[in-house]
Amino acid sequence: MKVLVAAPLHEKAIQVLKDAGLEVIYEEYPDEDRLVELVKDVEAIIVRSKPKVTRRVIESAPKLKVIARAGVGLDNIDVEAAKEKGIEVVNAPAASSRSVAELAVGLMFSVARKIAFADRKMREGVWAKKEAMGIELEGKTIGIIGFGRIGYQVAKIANALGMNILLYDPYPNEERAKEVNGKFVDLETLLKESDVVTIHVPLVESTYHLINEERLKLMKKTAILINTSRGPVVDTNALVKALKEGWIAGAGLDVFEEEPLPKDHPLTKFDNVVLTPHIGASTVEAQERAGVEVAEKVVKILKG
């Protein structure tokens, strides 16, 4: 049985596949035409956030039994087309939770203490001590939008930092909230009362541009917005306007409506914005966990 690994995968995950007697074909991020060629006689495909497994790819793979995403989101897989063909789609939903949460907190510190700004100035030979005045996070209120696996990890860290925790989720888990001293409120209250707002929701119809002009206007002028979920959850044009006109104090962003973020994008012009290139899950630990988890799932499906 053949498995196509179409994205970099941790060596331990490759070993899991080989130990199960599967033949591994590896090609990094093939384009759609190349994928169509590669999938003709494979039983499984493993991808990360790239490449896209489109309907055309799926229909070119008569033996395909499983598509695995070594990570969380399934935006790059045509799940509907897979379902029609009876092909299982698996992922590793919990593998990167801690990594994404730690990045969100890192961005929070970076904006609050102007770390990236200060670093840039130092490299320019500018001693910007006065301009780098920041704020402490202890005693501040963090609003966590989406209290799933990642939101919970962020809350654990925020609780340890001595922050007050407000939570918004359509499916409130009161037990977990109690564990982190968090309190569920409606979205409007969360936006109005939080010093830091951090987003941890999937991209679905109801979360597209969840943070829009109207909601950004509810936030404090001193508030920081963090997004490590999906780019389109925040209306970029509205955010640019908010930053330009000072409705909020700054932002830390790992995800964007357009990725890669175009050179000279308006967001790159703000000193109070910290940008990272969608690296939430880019840790050695998360990649190992995600790779091994999906490899084991592939083996189980193919070998029963």
# chains A, B, ... in the order shown; residues from 1 in each chain; ligands from 1

$ residues_around --residues "range 196-206 of chain A" --least-positions-apart "4" --cutoff "6 Å" --atoms "only C-alpha atoms" --output "ChimeraX atom specification"
/A:142-146,151,223-227,229

$ residues_around --residues "Thr276 in chain A" --least-positions-apart "6" --cutoff "10 Å" --atoms "only C-alpha atoms" --output "JSON, numbers by chain"
{"A": [103, 107, 228, 252, 253, 254, 255, 256, 261]}

$ write_last_selection --atoms "N, CA, C and O atoms" --output "CSV table (one decimal), in the first residue's frame"
chain,number,residue,atom,x,y,z
A,103,LEU,N,2.2,31.1,21.3
A,103,LEU,CA,2.5,32.2,20.3
A,103,LEU,C,1.6,33.3,20.6
A,103,LEU,O,2.0,34.5,20.6
A,107,LEU,N,2.8,37.0,21.4
A,107,LEU,CA,2.4,38.2,20.6
A,107,LEU,C,1.9,39.3,21.6
A,107,LEU,O,2.2,40.5,21.4
A,228,THR,N,-4.5,34.5,16.2
A,228,THR,CA,-3.7,33.3,15.7
A,228,THR,C,-4.6,32.2,15.2
A,228,THR,O,-4.2,31.1,15.1
A,252,GLY,N,-1.4,41.9,17.4
A,252,GLY,CA,-0.4,40.9,17.1
A,252,GLY,C,-1.1,39.9,16.3
A,252,GLY,O,-2.1,39.3,16.6
A,253,LEU,N,-0.5,39.7,15.0
A,253,LEU,CA,-1.2,38.8,14.1
A,253,LEU,C,-0.3,37.7,13.5
A,253,LEU,O,0.8,38.0,13.0
A,254,ASP,N,-0.8,36.5,13.5
A,254,ASP,CA,-0.1,35.4,12.9
A,254,ASP,C,-0.8,34.9,11.6
A,254,ASP,O,-0.2,34.1,10.9
A,255,VAL,N,-2.0,35.4,11.4
A,255,VAL,CA,-2.8,34.9,10.2
A,255,VAL,C,-3.4,36.1,9.5
A,255,VAL,O,-3.7,37.2,10.1
A,256,PHE,N,-3.6,36.0,8.2
A,256,PHE,CA,-4.1,37.1,7.4
A,256,PHE,C,-5.1,36.7,6.4
A,256,PHE,O,-5.1,35.5,6.0
A,261,LEU,N,1.4,37.4,3.3
A,261,LEU,CA,1.0,38.8,3.3
A,261,LEU,C,1.8,39.6,2.2
A,261,LEU,O,3.0,39.5,2.2

$ residues_around --residues "Thr268 in chain A" --least-positions-apart "3" --cutoff "12 Å" --atoms "only C-alpha atoms" --output "count of residues only"
18

$ closest_residue --among "A:Lys129, A:Lys63, A:His278, A:Lys140" --to "Pro260 in chain A" --atoms "only C-alpha atoms"
A:His278

$ closest_residue --among "A:Ala92, A:Ala238, A:Ile77, A:Ile14" --to "Arg289 in chain A" --atoms "only C-alpha atoms"
A:Ala92

$ closest_residue --among "A:Leu9, A:Leu17, A:Val57, A:Leu22" --to "Asp78 in chain A" --atoms "only C-alpha atoms"
A:Val57

$ residues_around --residues "Lys40 in chain A" --least-positions-apart "5" --cutoff "9 Å" --atoms "only C-alpha atoms" --output "ChimeraX atom specification"
/A:35,60-64

$ closest_residue --among "A:Leu216, A:Leu267, A:Ala20, A:Ile67" --to "Ala242 in chain A" --atoms "only C-alpha atoms"
A:Leu216

$ residues_around --residues "Ala95 in chain A" --least-positions-apart "3" --cutoff "10 Å" --atoms "only C-alpha atoms" --output "PyMOL selection string"
chain A and resi 70-72+91-92+98-100+149+281+285-294

$ residues_around --residues "Pro266 in chain A" --least-positions-apart "6" --cutoff "10 Å" --atoms "only C-alpha atoms" --output "compact mmCIF listing (two decimals) with C-alpha atoms, in the first residue's frame"
# COMPACT_ATOMS: atom_id res chain seq x y z
CA THR A 236 -8.43 43.56 7.51
CA ASN A 237 -9.65 46.88 6.10
CA VAL A 240 -6.19 48.97 9.32
CA LYS A 241 -8.70 51.80 9.85
CA LYS A 244 -4.80 54.32 11.75

$ atom_distance --atom1 "CA of Ile25 in chain A" --atom2 "CA of Val5 in chain A"
6.0 Å
